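For reference, model.txt (compact mmCIF, C-alpha atoms):
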```txt
# COMPACT_ATOMS: atom_id res chain seq x y z
CA GLN A 1259 42.37 -7.08 7.91
CA GLU A 1260 41.45 -5.04 11.00
CA ASP A 1261 37.80 -6.16 10.69
CA LEU A 1262 38.92 -9.79 10.35
CA ALA A 1263 41.12 -9.47 13.43
CA GLY A 1264 38.24 -7.96 15.37
CA LEU A 1265 35.92 -10.80 14.36
CA ARG A 1266 38.49 -13.39 15.44
CA CYS A 1267 38.85 -11.66 18.81
CA ARG A 1268 35.10 -11.71 19.31
CA LEU A 1269 34.95 -15.38 18.38
CA ARG A 1270 37.62 -16.24 20.97
CA ARG A 1271 35.63 -14.35 23.64
CA VAL A 1272 32.45 -16.21 22.76
CA LYS A 1273 34.22 -19.56 22.99
CA ALA A 1274 35.72 -18.60 26.35
CA LEU A 1275 32.31 -17.60 27.70
CA ALA A 1276 30.81 -20.85 26.43
CA GLN A 1277 33.47 -22.84 28.26
CA LEU A 1278 32.84 -20.87 31.44
CA ALA A 1279 29.10 -21.47 31.11
CA GLN A 1280 29.60 -25.26 31.27
CA LEU A 1281 29.59 -26.17 34.93
CA PRO A 1282 32.36 -28.59 36.00
CA PRO A 1283 31.50 -31.84 37.74
CA VAL A 1284 31.11 -31.68 41.49
CA PRO A 1285 34.45 -32.55 43.17
CA ALA A 1286 34.41 -35.45 45.55
CA GLY A 1287 35.99 -33.55 48.44
CA ALA A 1288 33.65 -30.60 48.43
CA SER A 1289 31.54 -29.76 51.45
CA HIS A 1290 27.88 -30.76 51.64
CA ASN A 1291 26.67 -27.14 51.33
CA LEU A 1292 28.80 -26.46 48.26
CA ARG A 1293 27.77 -29.76 46.68
CA SER A 1294 24.07 -28.96 47.15
CA ARG A 1295 24.45 -25.50 45.64
CA LEU A 1296 26.35 -26.84 42.65
CA GLU A 1297 23.71 -29.52 42.18
CA GLN A 1298 20.95 -26.86 42.24
CA ALA A 1299 22.83 -24.86 39.63
CA ARG A 1300 23.17 -27.94 37.44
CA GLN A 1301 19.45 -28.71 37.74
CA LEU A 1302 18.59 -25.12 36.87
CA GLU A 1303 20.83 -25.28 33.80
CA LEU A 1304 19.19 -28.54 32.71
CA ARG A 1305 15.70 -27.03 33.07
CA ILE A 1306 16.71 -24.01 30.98
CA ARG A 1307 18.09 -26.26 28.26
CA GLU A 1308 14.97 -28.44 28.28
CA LYS A 1309 12.77 -25.34 28.00
CA LYS A 1310 14.79 -24.07 25.05
CA ALA A 1311 14.67 -27.49 23.39
CA GLY A 1312 10.92 -27.67 23.94
CA SER A 1313 10.34 -24.28 22.32
CA GLY A 1314 12.49 -25.33 19.36
CA ALA A 1315 10.53 -28.57 18.98
CA THR A 1316 7.28 -26.57 18.94
CA LEU A 1317 8.40 -24.55 15.92
CA GLY A 1318 9.96 -27.45 13.98
CA ALA A 1319 9.57 -31.20 13.59
CA GLY A 1320 10.78 -33.42 16.36
CA PRO A 1321 13.74 -35.78 15.98
CA SER A 1322 13.28 -39.31 14.78
CA GLY A 1323 14.10 -40.71 18.21
CA ASP A 1324 11.14 -39.03 20.00
CA THR A 1325 8.67 -41.31 21.71
CA GLY A 1326 5.77 -39.11 20.51
CA VAL A 1327 4.32 -38.57 24.01
CA ALA A 1328 5.17 -34.88 24.27
CA ALA A 1329 4.28 -34.01 20.67
CA PRO A 1330 0.52 -33.39 21.20
CA ALA A 1331 1.24 -31.16 24.19
CA ALA A 1332 3.71 -29.15 22.15
CA GLU A 1333 1.19 -28.77 19.32
CA ALA A 1334 -1.59 -27.78 21.71
CA GLY A 1335 0.55 -25.13 23.35
CA SER A 1336 2.14 -23.89 20.11
CA GLU A 1337 2.47 -20.16 19.97
CA LYS A 1338 1.08 -18.05 17.13
CA PRO A 1339 3.51 -16.91 14.40
CA PRO A 1340 5.71 -13.89 15.13
CA ALA A 1341 4.44 -10.40 14.40
CA TYR A 1342 6.64 -9.91 11.33
CA GLN A 1343 4.85 -12.88 9.71
CA ARG A 1344 1.32 -12.03 10.83
CA PHE A 1345 1.50 -8.38 9.81
CA HIS A 1346 3.85 -8.54 6.81
CA THR A 1347 1.08 -7.18 4.59
CA LEU A 1348 1.17 -3.87 6.45
CA ALA A 1349 4.56 -3.09 4.92
CA GLN A 1350 3.45 -3.77 1.34
CA ASP A 1351 2.36 -0.36 0.14
CA LEU A 1352 0.92 0.21 -3.30
CA PRO A 1353 2.87 2.19 -5.91
CA PRO A 1354 2.02 5.89 -5.68
CA GLY A 1355 1.32 6.08 -9.42
CA LEU A 1356 -1.74 3.79 -9.17
CA THR A 1357 -4.21 6.51 -8.26
CA LEU A 1358 -7.86 5.74 -7.57
CA PRO A 1359 -10.98 7.49 -8.88
CA TYR A 1360 -12.46 10.07 -6.53
CA LYS A 1361 -15.55 7.92 -5.89
CA PHE A 1362 -13.30 5.00 -4.89
CA LYS A 1363 -11.35 7.23 -2.50
CA VAL A 1364 -14.62 8.33 -0.88
CA LEU A 1365 -15.67 4.68 -0.52
CA ALA A 1366 -12.29 3.82 1.04
CA GLU A 1367 -12.77 6.63 3.56
CA MET A 1368 -16.28 5.34 4.28
CA PHE A 1369 -14.90 1.86 4.95
CA ARG A 1370 -12.33 3.33 7.30
CA SER A 1371 -15.05 5.22 9.20
CA VAL A 1372 -17.30 2.14 9.33
CA ASP A 1373 -14.42 0.02 10.65
CA THR A 1374 -13.56 2.61 13.31
CA ILE A 1375 -17.14 2.80 14.62
CA ALA A 1376 -17.76 -0.94 14.29
CA GLY A 1377 -14.50 -1.68 16.12
CA MET A 1378 -15.50 0.41 19.14
CA LEU A 1379 -18.98 -1.15 19.31
CA PHE A 1380 -17.66 -4.68 18.69
CA ASN A 1381 -15.01 -4.46 21.40
CA ARG A 1382 -17.72 -3.32 23.84
CA ALA A 1383 -19.78 -6.41 22.93
CA GLU A 1384 -22.51 -4.12 21.58
CA THR A 1385 -24.70 -5.03 18.61
CA ILE A 1386 -23.62 -3.08 15.52
CA THR A 1387 -26.70 -1.83 13.68
CA PHE A 1388 -26.73 0.10 10.43
CA ALA A 1389 -28.51 2.99 12.13
CA LYS A 1390 -25.62 3.45 14.59
CA VAL A 1391 -22.99 3.14 11.90
CA LYS A 1392 -24.83 5.49 9.55
CA GLN A 1393 -25.04 8.27 12.10
CA GLY A 1394 -21.40 7.87 13.09
CA VAL A 1395 -20.09 7.83 9.51
CA GLN A 1396 -22.13 10.90 8.56
CA ASP A 1397 -20.84 12.76 11.62
CA MET A 1398 -17.24 11.85 10.74
CA MET A 1399 -17.31 12.46 6.99
CA ARG A 1400 -20.11 15.02 6.58
CA LYS A 1401 -21.36 12.90 3.69
CA GLN A 1402 -24.52 10.87 3.17
CA PHE A 1403 -24.09 7.18 4.01
CA GLU A 1404 -26.72 4.73 2.75
CA GLU A 1405 -27.25 0.98 2.60
CA ARG A 1406 -25.94 0.90 -0.97
CA HIS A 1407 -22.55 1.98 0.38
CA VAL A 1408 -22.62 -1.04 2.69
CA GLY A 1409 -23.38 -3.16 -0.38
CA GLN A 1410 -20.42 -1.61 -2.21
CA ILE A 1411 -18.13 -2.33 0.76
CA LYS A 1412 -19.37 -5.92 0.77
CA ALA A 1413 -18.72 -6.19 -2.99
CA VAL A 1414 -15.15 -4.87 -2.67
CA TYR A 1415 -14.25 -6.78 0.50
CA PRO A 1416 -16.67 -9.74 0.85
CA THR A 1417 -14.99 -11.15 3.98
CA SER A 1418 -14.99 -7.87 5.91
CA TYR A 1419 -18.43 -8.13 7.54
CA ARG A 1420 -21.16 -10.65 8.15
CA LEU A 1421 -24.52 -8.97 7.46
CA ARG A 1422 -27.86 -10.07 8.95
CA GLN A 1423 -31.41 -8.85 9.44
CA GLU A 1424 -32.27 -9.14 13.13
CA LYS A 1425 -35.02 -7.92 15.42
CA ASN A 1426 -35.57 -7.55 19.16
CA ILE A 1427 -32.55 -5.27 19.28
CA PRO A 1428 -32.82 -2.47 21.86
CA ALA A 1429 -33.29 0.89 20.13
CA PHE A 1430 -33.18 4.08 22.15
CA GLY A 1431 -34.72 7.14 20.59
CA ASN A 1432 -33.90 6.41 16.94
CA GLY A 1433 -37.51 5.88 15.84
CA VAL A 1434 -37.11 2.11 15.35
CA LYS A 1435 -39.35 -0.32 17.18
CA LYS A 1436 -37.84 -3.26 18.99
CA SER A 1437 -39.96 -5.65 16.93
CA ASP A 1438 -38.67 -4.22 13.63
CA TYR A 1439 -35.91 -5.87 11.65
CA GLN A 1440 -32.57 -4.04 11.57
CA LEU A 1441 -29.51 -4.58 9.42
CA THR A 1442 -26.60 -5.65 11.64
CA LEU A 1443 -22.88 -5.83 10.88
CA GLU A 1444 -20.37 -8.21 12.48
CA PRO A 1445 -16.64 -7.99 11.65
CA VAL A 1446 -15.21 -11.29 10.42
CA LEU A 1447 -12.12 -12.15 12.47
CA GLY A 1448 -9.87 -15.15 12.83
CA GLU A 1449 -9.69 -17.48 15.78
CA GLU A 1450 -6.32 -16.11 16.85
CA GLU A 1451 -7.64 -12.55 17.21
CA LYS A 1452 -9.00 -12.85 20.72
CA ALA A 1453 -8.62 -10.88 23.93
CA ASP A 1454 -9.90 -12.26 27.24
CA GLY A 1455 -11.49 -15.20 25.43
CA ARG A 1456 -13.55 -13.26 22.86
CA PRO A 1457 -12.72 -11.82 19.42
CA HIS A 1458 -11.14 -8.38 19.54
CA LEU A 1459 -10.70 -5.88 16.70
CA SER A 1460 -7.28 -4.39 17.43
CA ALA A 1461 -5.72 -1.29 15.92
CA SER A 1462 -3.24 -3.34 13.88
CA ARG A 1463 -6.09 -5.45 12.50
CA LEU A 1464 -8.02 -2.28 11.57
CA LEU A 1465 -4.99 -1.04 9.65
CA GLU A 1466 -4.59 -4.40 7.91
CA ARG A 1467 -8.28 -4.41 6.87
CA ARG A 1468 -7.95 -0.87 5.56
CA LYS A 1469 -4.94 -1.80 3.42
CA GLU A 1470 -6.72 -4.90 2.15
CA PHE A 1471 -9.72 -2.78 1.11
CA ASN A 1472 -7.46 -0.33 -0.76
CA ARG A 1473 -5.68 -3.21 -2.51
CA ASN A 1474 -9.03 -4.62 -3.64
CA LEU A 1475 -10.02 -1.22 -5.03
CA VAL A 1476 -6.77 -0.99 -6.98
CA ASN A 1477 -7.31 -4.52 -8.29
CA ILE A 1478 -10.74 -3.50 -9.60
CA VAL A 1479 -9.20 -0.56 -11.46
CA LYS A 1480 -6.47 -2.89 -12.74
CA GLN A 1481 -9.09 -5.09 -14.40
CA HIS A 1482 -10.55 -2.09 -16.27
CA HIS A 1483 -7.03 -0.97 -17.16
CA LYS A 1484 -6.22 -4.45 -18.48
CA ALA A 1485 -9.27 -4.36 -20.77
CA PHE A 1486 -8.27 -0.85 -21.88
CA LEU A 1487 -4.80 -2.07 -22.89
CA ALA A 1488 -6.24 -5.09 -24.70
CA ALA A 1489 -8.39 -2.79 -26.87
CA LEU A 1490 -5.45 -0.66 -28.02
CA SER A 1491 -3.88 -1.03 -31.43
CA PRO A 1492 -1.58 -2.84 -31.10
CA PRO A 1493 -2.82 -4.48 -27.88
CA MET A 1494 -0.60 -4.21 -24.82
CA VAL A 1495 -0.05 -6.70 -22.03
CA VAL A 1496 1.55 -5.44 -18.81
CA PRO A 1497 2.03 -7.84 -15.85
CA GLU A 1498 -0.06 -6.59 -12.93
CA GLU A 1499 2.74 -7.16 -10.42
CA LYS A 1500 5.04 -4.83 -12.42
CA LEU A 1501 2.46 -2.08 -13.02
CA THR A 1502 3.43 1.16 -11.27
CA ARG A 1503 1.25 3.70 -13.13
CA TRP A 1504 -1.72 3.78 -15.48
CA HIS A 1505 -1.57 4.28 -19.23
CA PRO A 1506 -1.44 8.03 -20.03
CA ARG A 1507 -4.72 7.83 -21.97
CA PHE A 1508 -6.50 5.78 -19.32
CA ASN A 1509 -8.92 8.02 -17.42
CA VAL A 1510 -9.48 6.53 -13.98
CA ASP A 1511 -12.49 8.78 -13.36
CA GLU A 1512 -14.32 6.97 -16.19
CA VAL A 1513 -14.13 3.65 -14.35
CA PRO A 1514 -17.74 2.57 -13.64
CA ASP A 1515 -19.00 2.72 -10.09
CA ILE A 1516 -19.04 -0.49 -8.06
CA SER A 1517 -22.29 -2.41 -8.17
CA PRO A 1518 -23.44 -3.05 -4.57
CA ALA A 1519 -23.68 -6.62 -3.36
CA GLU A 1520 -27.14 -7.85 -2.42
CA LEU A 1521 -27.91 -7.17 1.23
CA PRO A 1522 -30.07 -9.43 3.42
CA ARG A 1523 -33.70 -8.28 3.51
CA PRO A 1524 -36.34 -8.71 6.21
CA PRO A 1525 -38.58 -11.76 5.65
CA GLN A 1526 -41.73 -9.82 4.72
CA GLU A 1527 -43.87 -11.29 1.96
CA ASP A 1528 -45.84 -8.14 1.24
CA ARG A 1529 -42.76 -5.89 0.89
CA LEU A 1530 -42.37 -4.18 -2.49
CA THR A 1531 -38.74 -4.42 -3.52
CA THR A 1532 -38.48 -3.16 -7.08
CA ALA A 1533 -39.74 -0.31 -9.18
CA GLN A 1534 -41.63 -2.82 -11.36
CA GLU A 1535 -43.69 -3.93 -8.35
CA VAL A 1536 -44.45 -0.34 -7.42
CA LEU A 1537 -45.57 0.37 -10.96
CA SER A 1538 -47.83 -2.69 -11.18
CA THR A 1539 -49.39 -1.93 -7.80
CA ALA A 1540 -49.99 1.76 -8.40
CA ARG A 1541 -51.05 1.48 -12.06
CA GLY A 1542 -54.37 3.16 -12.51
CA MET A 1543 -54.00 5.13 -9.28
CA LEU A 1544 -51.42 7.64 -10.59
CA THR A 1545 -51.38 10.28 -13.25
CA PRO A 1546 -49.97 9.33 -16.67
CA LYS A 1547 -46.94 11.53 -16.07
CA MET A 1548 -46.04 9.72 -12.82
CA GLU A 1549 -46.62 6.33 -14.44
CA LYS A 1550 -44.18 7.27 -17.21
CA ALA A 1551 -41.59 8.38 -14.68
CA LEU A 1552 -41.93 5.09 -12.77
CA ALA A 1553 -41.63 3.12 -16.02
CA ASN A 1554 -38.40 4.94 -16.89
CA LEU A 1555 -37.08 4.24 -13.39
CA ALA A 1556 -37.89 0.54 -13.74
CA LEU A 1557 -36.13 0.44 -17.10
CA ARG A 1558 -32.99 2.08 -15.71
CA THR A 1559 -33.03 -0.27 -12.72
CA ALA A 1560 -33.23 -3.31 -15.00
CA GLU A 1561 -30.38 -2.04 -17.17
CA ALA A 1562 -28.21 -1.35 -14.11
CA GLY A 1563 -28.89 -4.81 -12.70
CA ALA A 1564 -27.96 -6.53 -15.94
CA GLY A 1565 -24.36 -6.54 -14.81
CA GLU A 1566 -21.44 -4.23 -14.32
CA PRO A 1567 -19.47 -3.56 -17.49
CA VAL A 1568 -16.22 -5.42 -17.56
CA ALA A 1569 -14.16 -2.46 -18.64
CA SER A 1570 -14.27 1.28 -18.83
CA LYS A 1571 -14.41 3.19 -22.05
CA VAL A 1572 -11.72 1.93 -24.36
CA PRO A 1573 -10.45 3.62 -27.47
CA SER A 1574 -11.54 2.33 -30.82
CA PRO A 1575 -8.87 0.74 -32.97
CA ALA A 1576 -6.68 3.32 -34.58
CA SER A 1577 -7.65 4.07 -38.15
CA THR A 1578 -5.40 5.53 -40.79
CA SER A 1579 -6.19 9.25 -41.06
CA SER A 1580 -6.04 11.23 -44.26
CA ALA A 1581 -2.70 12.78 -43.20
CA LEU A 1582 -1.06 9.32 -43.15
CA LYS A 1583 -2.26 8.22 -46.58
CA GLY A 1584 0.65 7.02 -48.66
CA VAL A 1585 2.68 5.88 -45.63
CA SER A 1586 3.39 2.18 -45.66
CA GLN A 1587 1.41 0.08 -43.21
CA ALA A 1588 4.58 -1.69 -42.07
CA LEU A 1589 6.15 1.63 -41.03
CA LEU A 1590 3.02 2.60 -39.10
CA GLU A 1591 3.05 -0.73 -37.31
CA ARG A 1592 6.70 -0.27 -36.32
CA ILE A 1593 6.01 3.23 -35.00
CA ARG A 1594 3.02 2.04 -33.00
CA ALA A 1595 4.99 -0.91 -31.62
CA LYS A 1596 7.81 1.42 -30.55
CA GLU A 1597 5.32 3.77 -28.90
CA ALA A 1598 3.70 0.83 -27.10
CA GLN A 1599 7.12 -0.27 -25.88
CA LYS A 1600 7.83 3.21 -24.47
CA LEU A 1601 4.44 3.32 -22.76
CA GLN A 1602 4.97 -0.13 -21.26
CA ALA A 1603 8.34 1.00 -19.88
CA LEU A 1604 6.63 4.05 -18.43
CA MET A 1605 3.90 1.99 -16.76
CA THR A 1606 6.38 -0.45 -15.17
CA ARG A 1607 8.95 2.10 -14.04
CA GLU A 1608 10.05 1.76 -10.42
CA PRO A 1609 9.63 4.72 -8.02
CA GLN A 1610 13.42 4.91 -7.51
CA GLN A 1611 13.93 5.16 -11.27
CA GLU A 1612 11.22 7.80 -11.48
CA GLU A 1613 12.96 9.85 -8.80
CA ARG A 1614 16.28 9.60 -10.65
CA LEU A 1615 14.65 10.75 -13.89
CA ALA A 1616 13.17 13.74 -12.10
CA MET A 1617 16.62 14.63 -10.77
CA LEU A 1618 18.17 14.26 -14.24
CA GLY A 1619 15.56 16.64 -15.62
CA ARG A 1620 16.58 19.33 -13.11
CA LEU A 1621 20.34 19.07 -13.73
CA PRO A 1622 20.60 21.23 -16.91
CA ALA A 1623 19.06 24.23 -15.12
CA MET A 1624 21.10 23.55 -11.97
CA ALA A 1625 24.37 23.42 -13.93
CA ARG A 1626 24.24 27.14 -14.69
CA ILE A 1627 23.40 27.96 -11.06
CA LEU A 1628 26.25 25.78 -9.77
CA ARG A 1629 28.78 27.51 -12.03
CA ASN A 1630 27.50 30.95 -10.97
CA VAL A 1631 27.89 29.96 -7.30
CA PHE A 1632 31.57 29.09 -7.80
CA VAL A 1633 32.19 32.24 -9.85
CA ALA A 1634 30.58 34.40 -7.15
CA GLU A 1635 32.50 32.71 -4.32
CA LYS A 1636 35.81 33.03 -6.21
CA LYS A 1637 37.06 29.74 -4.80
CA GLN A 1638 38.32 26.54 -6.33
CA ALA A 1639 36.44 24.34 -3.84
CA LEU A 1640 33.53 24.76 -1.44
CA THR A 1641 32.32 22.62 1.42
CA MET A 1642 29.28 20.53 0.61
CA GLU A 1643 27.25 22.38 3.25
CA VAL A 1644 28.02 25.81 1.77
CA ALA A 1645 27.46 24.66 -1.82
CA CYS A 1646 24.07 23.13 -0.94
CA ALA A 1647 23.00 26.27 0.93
CA ARG A 1648 23.94 28.56 -1.99
CA MET A 1649 22.24 26.29 -4.51
CA ALA A 1650 19.06 26.08 -2.41
CA ASP A 1651 18.94 29.88 -2.17
CA SER A 1652 19.31 30.33 -5.93
CA TYR A 1653 17.13 27.49 -7.26
CA ASP A 1654 13.53 28.44 -8.10
CA VAL A 1655 12.03 25.39 -6.36
CA GLN A 1656 12.22 25.03 -2.59
CA MET A 1657 14.48 22.09 -1.79
CA PRO A 1658 16.05 20.92 1.50
CA PRO A 1659 19.87 20.68 1.70
CA GLY A 1660 19.75 16.87 1.77
CA GLU A 1661 17.95 16.73 -1.58
CA MET A 1662 20.30 19.32 -3.07
CA GLU A 1663 23.29 17.21 -2.04
CA LYS A 1664 21.84 14.26 -4.00
CA HIS A 1665 21.79 16.43 -7.12
CA LEU A 1666 25.39 17.57 -6.60
CA ARG A 1667 26.54 13.97 -6.17
CA LEU A 1668 24.66 13.08 -9.36
CA PHE A 1669 26.67 15.81 -11.13
CA ALA A 1670 29.87 14.12 -9.96
CA GLU A 1671 28.58 10.73 -11.12
CA LEU A 1672 27.66 11.88 -14.64
CA LEU A 1673 30.39 14.49 -15.19
CA PRO A 1674 33.41 13.52 -13.09
CA ASP A 1675 35.63 15.72 -15.28
CA TRP A 1676 33.52 18.79 -14.37
CA VAL A 1677 32.46 18.20 -10.74
CA GLY A 1678 34.58 16.42 -8.16
CA ILE A 1679 33.68 15.51 -4.57
CA HIS A 1680 36.52 14.97 -2.10
CA ALA A 1681 36.40 13.95 1.57
CA VAL A 1682 39.10 15.76 3.56
CA ARG A 1683 39.28 14.81 7.23
CA THR A 1684 35.85 15.51 8.68
CA ASP A 1685 34.52 17.70 5.83
CA THR A 1686 33.38 16.99 2.28
CA TYR A 1687 34.41 19.43 -0.45
CA ILE A 1688 33.05 19.91 -3.94
CA LYS A 1689 35.32 21.19 -6.73
CA LEU A 1690 34.22 22.60 -10.09
CA ASP A 1691 36.16 23.10 -13.33
CA LYS A 1692 35.03 26.61 -14.32
CA GLY A 1693 36.92 26.38 -17.62
CA LYS A 1694 34.47 23.85 -19.09
CA ASP A 1695 32.04 25.10 -21.74
CA LEU A 1696 28.64 25.33 -20.07
CA GLY A 1697 26.84 24.61 -23.35
CA LEU A 1698 28.62 21.28 -23.75
CA VAL A 1699 27.90 20.43 -20.11
CA THR A 1700 24.19 21.13 -20.58
CA GLU A 1701 24.13 19.06 -23.78
CA ARG A 1702 25.71 16.06 -22.05
CA LEU A 1703 23.23 16.30 -19.17
CA THR A 1704 20.26 16.50 -21.55
CA ARG A 1705 21.54 13.48 -23.46
CA ALA A 1706 21.94 11.50 -20.22
CA ALA A 1707 18.35 12.34 -19.24
CA LYS A 1708 17.01 11.16 -22.61
CA GLU A 1709 18.99 7.93 -22.47
CA ALA A 1710 17.73 7.16 -18.98
CA GLU A 1711 14.16 7.87 -20.03
CA ALA A 1712 14.46 5.50 -22.98
CA LEU A 1713 15.44 2.57 -20.73
```
Translate this structure into structure tokens?
Amino acid sequence: QEDLAGLRCRLRRVKALAQLAQLPPVPAGASHNLRSRLEQARQLELRIREKKAGSGATLGAGPSGDTGVAAPAAEAGSEKPPAYQRFHTLAQDLPPGLTLPYKFKVLAEMFRSVDTIAGMLFNRAETITFAKVKQGVQDMMRKQFEERHVGQIKAVYPTSYRLRQEKNIPAFGNGVKKSDYQLTLEPVLGEEEKADGRPHLSASRLLERRKEFNRNLVNIVKQHHKAFLAALSPPMVVPEEKLTRWHPRFNVDEVPDISPAELPRPPQEDRLTTAQEVLSTARGMLTPKMEKALANLALRTAEAGAGEPVASKVPSPASTSSALKGVSQALLERIRAKEAQKLQALMTREPQQEERLAMLGRLPAMARILRNVFVAEKKQALTMEVACARMADSYDVQMPPGEMEKHLRLFAELLPDWVGIHAVRTDTYIKLDKGKDLGLVTERLTRAAKEAEAL
């Protein structure tokens, strides 16, 4: 009732201020100076209202009674959407359980380095050549960076860069002639991303591109994971939007590497582009051993270019082993279906639920420590601060007091007849029933953890 009375009081104040804000009509007997000032105030108020109405009409549709004259001007001067709409993707993080293969993480770091270097050169209106980017990435990462990595970046994020082969680009001391063709990179930006009339690669846009690249990498792994689940016996189908972790038997490091996208090549007719061309040109000029090596290279190149496999290694359908002979097939199918159901629940488990399960798993060991703390203190109740400090000192895993308090409150939630939490004035006290059998307490906590895991 106090909150309701406070809201009513605030509402009366707002209404009073609104009435005060409405200027009264100019009295007939007022002096000329006062009349002019009141008239100026009224004109100012009208202009403010018109400005507010104009901004509202820009965002929404105009009323039916508009003449339509001011509509084009409003559309031409319409402002871009607010930041929370333009950059909402920055807040959409991926689940932590969807880990990437090491080679994908390296490629993501390469993209980040390329974007950082390209952003500086692009904002200075400088031509971005592969030679400049290569040197910068190798200095930042201490790893080799080649054109195939650019092709992989293009394959993962096709709209990230526009690639060309250009010549007559100034080259200072990098061993490239001005008349030679060079691979150039140009970031693809929208029309709204401009500063001083030209496109600008801002820090927020760099972060958005980085997150988009990581999402694309995860989506690639999801496709291999989907094929892996389809090959299981029985097959499993997990919605991608609910997936929070990979199947326990899915090895992310076995996901095939990304096939690079085709890069633009200089228009040279006499350029040899494949191992087959090298072999046909040099046949008869090399030793038999070198010809054989080139033939093997050409064969591997042709096999690699045939297409990237759709899925990683998948398990073969489960076959009935000798140990299961005599067991009915219907029972085996029910067991496998139940196991698949548990695995699907594991793969779609939310991070908050995962954190709660981890806390439930620690409670049986903490129960003994909590009872020993109360026995050692020889008190019926302890403040939450003291109890958390004693528990943190005795527990074998380092844990801040805030996390320890979550565990103590979980004790009170699961076993209210054993642990009680009471707020007295400005302090919070925790009370423990030391007469309870610790074995029964541990059994109840273990059962609660198993039930939560089965959900």
Which value, in Å to one decimal, gives the distance between CA of Gln1440 (chain A) and CA of Glu1424 (chain A)? 5.3 Å
Using CA of Val1585 (chain A) and CA of Leu1490 (chain A) as the two end points, give the distance in Å to one decimal. 20.5 Å
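Atom pair CA of Cys1646 (chain A) / CA of Lys1689 (chain A): separated by 12.8 Å.
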Near region 1701-1703 of chain A, within 10 Å and counting all atoms listed in the file, which residues show up once chain neighbours fewer than 5 positions away are dropped, as a PyMOL selection string? chain A and resi 1618-1623+1625+1669+1672-1673+1696+1708-1709
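Using only C-alpha atoms, the smallest distance between any of A:Ala1413, A:Leu1358, A:Val1434, A:Val1395 and Val1479 (chain A) comes from A:Leu1358.
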Got a sec to check which residues sit within 8 Å of (-23.1, -8.4, -7.3), counting only C-alpha atoms, and write them as a PyMOL selection string? chain A and resi 1413+1517-1520+1565
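Close contacts of region 1359-1365 of chain A, defined as residues with an atom at most 9 Å away when counting all atoms listed in the file, with chain neighbours fewer than 4 positions off set aside, comprise A:Phe1369, A:Arg1370, A:His1407, A:Gln1410, A:Ile1411, A:Asn1472, A:Leu1475, A:Val1479, A:Asn1509, A:Val1510, A:Asp1511, A:Glu1512, A:Val1513, A:Asp1515, A:Ile1516.
Each of A:Gln1638, A:Ser1462, A:Thr1385, A:Gln1611 was compared to Asp1691 (chain A) using all atoms listed in the file, and A:Gln1638 turns out to be the nearest.
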Check the smallest atom-to-atom distance from each of A:Ala1647, A:Thr1387, A:Ala1639, A:Arg1626 to Gly1697 (chain A) using all atoms listed in the file, then report the winner. A:Arg1626
Using only C-alpha atoms, which residues sit within 8 Å of Met1642 (chain A) once same-chain residues fewer than 3 positions away are excluded, as number ranges by chain? A: 1645-1646, 1663, 1685-1688
Please reconstruct the missing atoms of region 1619-1629 of chain A (target: N, CA and C atoms) and return them as a compact mmCIF listing (two decimals), keeping the file's coordinate frame.
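As written to disk, out.txt reads:
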```
# COMPACT_ATOMS: atom_id res chain seq x y z
N GLY A 1619 16.21 15.54 -14.93
CA GLY A 1619 15.56 16.64 -15.62
C GLY A 1619 15.88 18.01 -15.03
N ARG A 1620 16.26 18.04 -13.74
CA ARG A 1620 16.58 19.33 -13.11
C ARG A 1620 18.04 19.74 -13.32
N LEU A 1621 18.90 18.78 -13.67
CA LEU A 1621 20.34 19.07 -13.73
C LEU A 1621 20.73 20.14 -14.75
N PRO A 1622 20.17 20.17 -15.98
CA PRO A 1622 20.60 21.23 -16.91
C PRO A 1622 20.40 22.64 -16.36
N ALA A 1623 19.28 22.90 -15.69
CA ALA A 1623 19.06 24.23 -15.12
C ALA A 1623 19.97 24.47 -13.92
N MET A 1624 20.24 23.40 -13.15
CA MET A 1624 21.10 23.55 -11.97
C MET A 1624 22.57 23.77 -12.35
N ALA A 1625 22.96 23.29 -13.54
CA ALA A 1625 24.37 23.42 -13.93
C ALA A 1625 24.78 24.88 -14.01
N ARG A 1626 23.92 25.72 -14.59
CA ARG A 1626 24.24 27.14 -14.69
C ARG A 1626 24.32 27.77 -13.30
N ILE A 1627 23.40 27.40 -12.42
CA ILE A 1627 23.40 27.96 -11.06
C ILE A 1627 24.66 27.55 -10.32
N LEU A 1628 25.07 26.27 -10.47
CA LEU A 1628 26.25 25.78 -9.77
C LEU A 1628 27.50 26.54 -10.24
N ARG A 1629 27.61 26.77 -11.53
CA ARG A 1629 28.78 27.51 -12.03
C ARG A 1629 28.77 28.94 -11.51
```
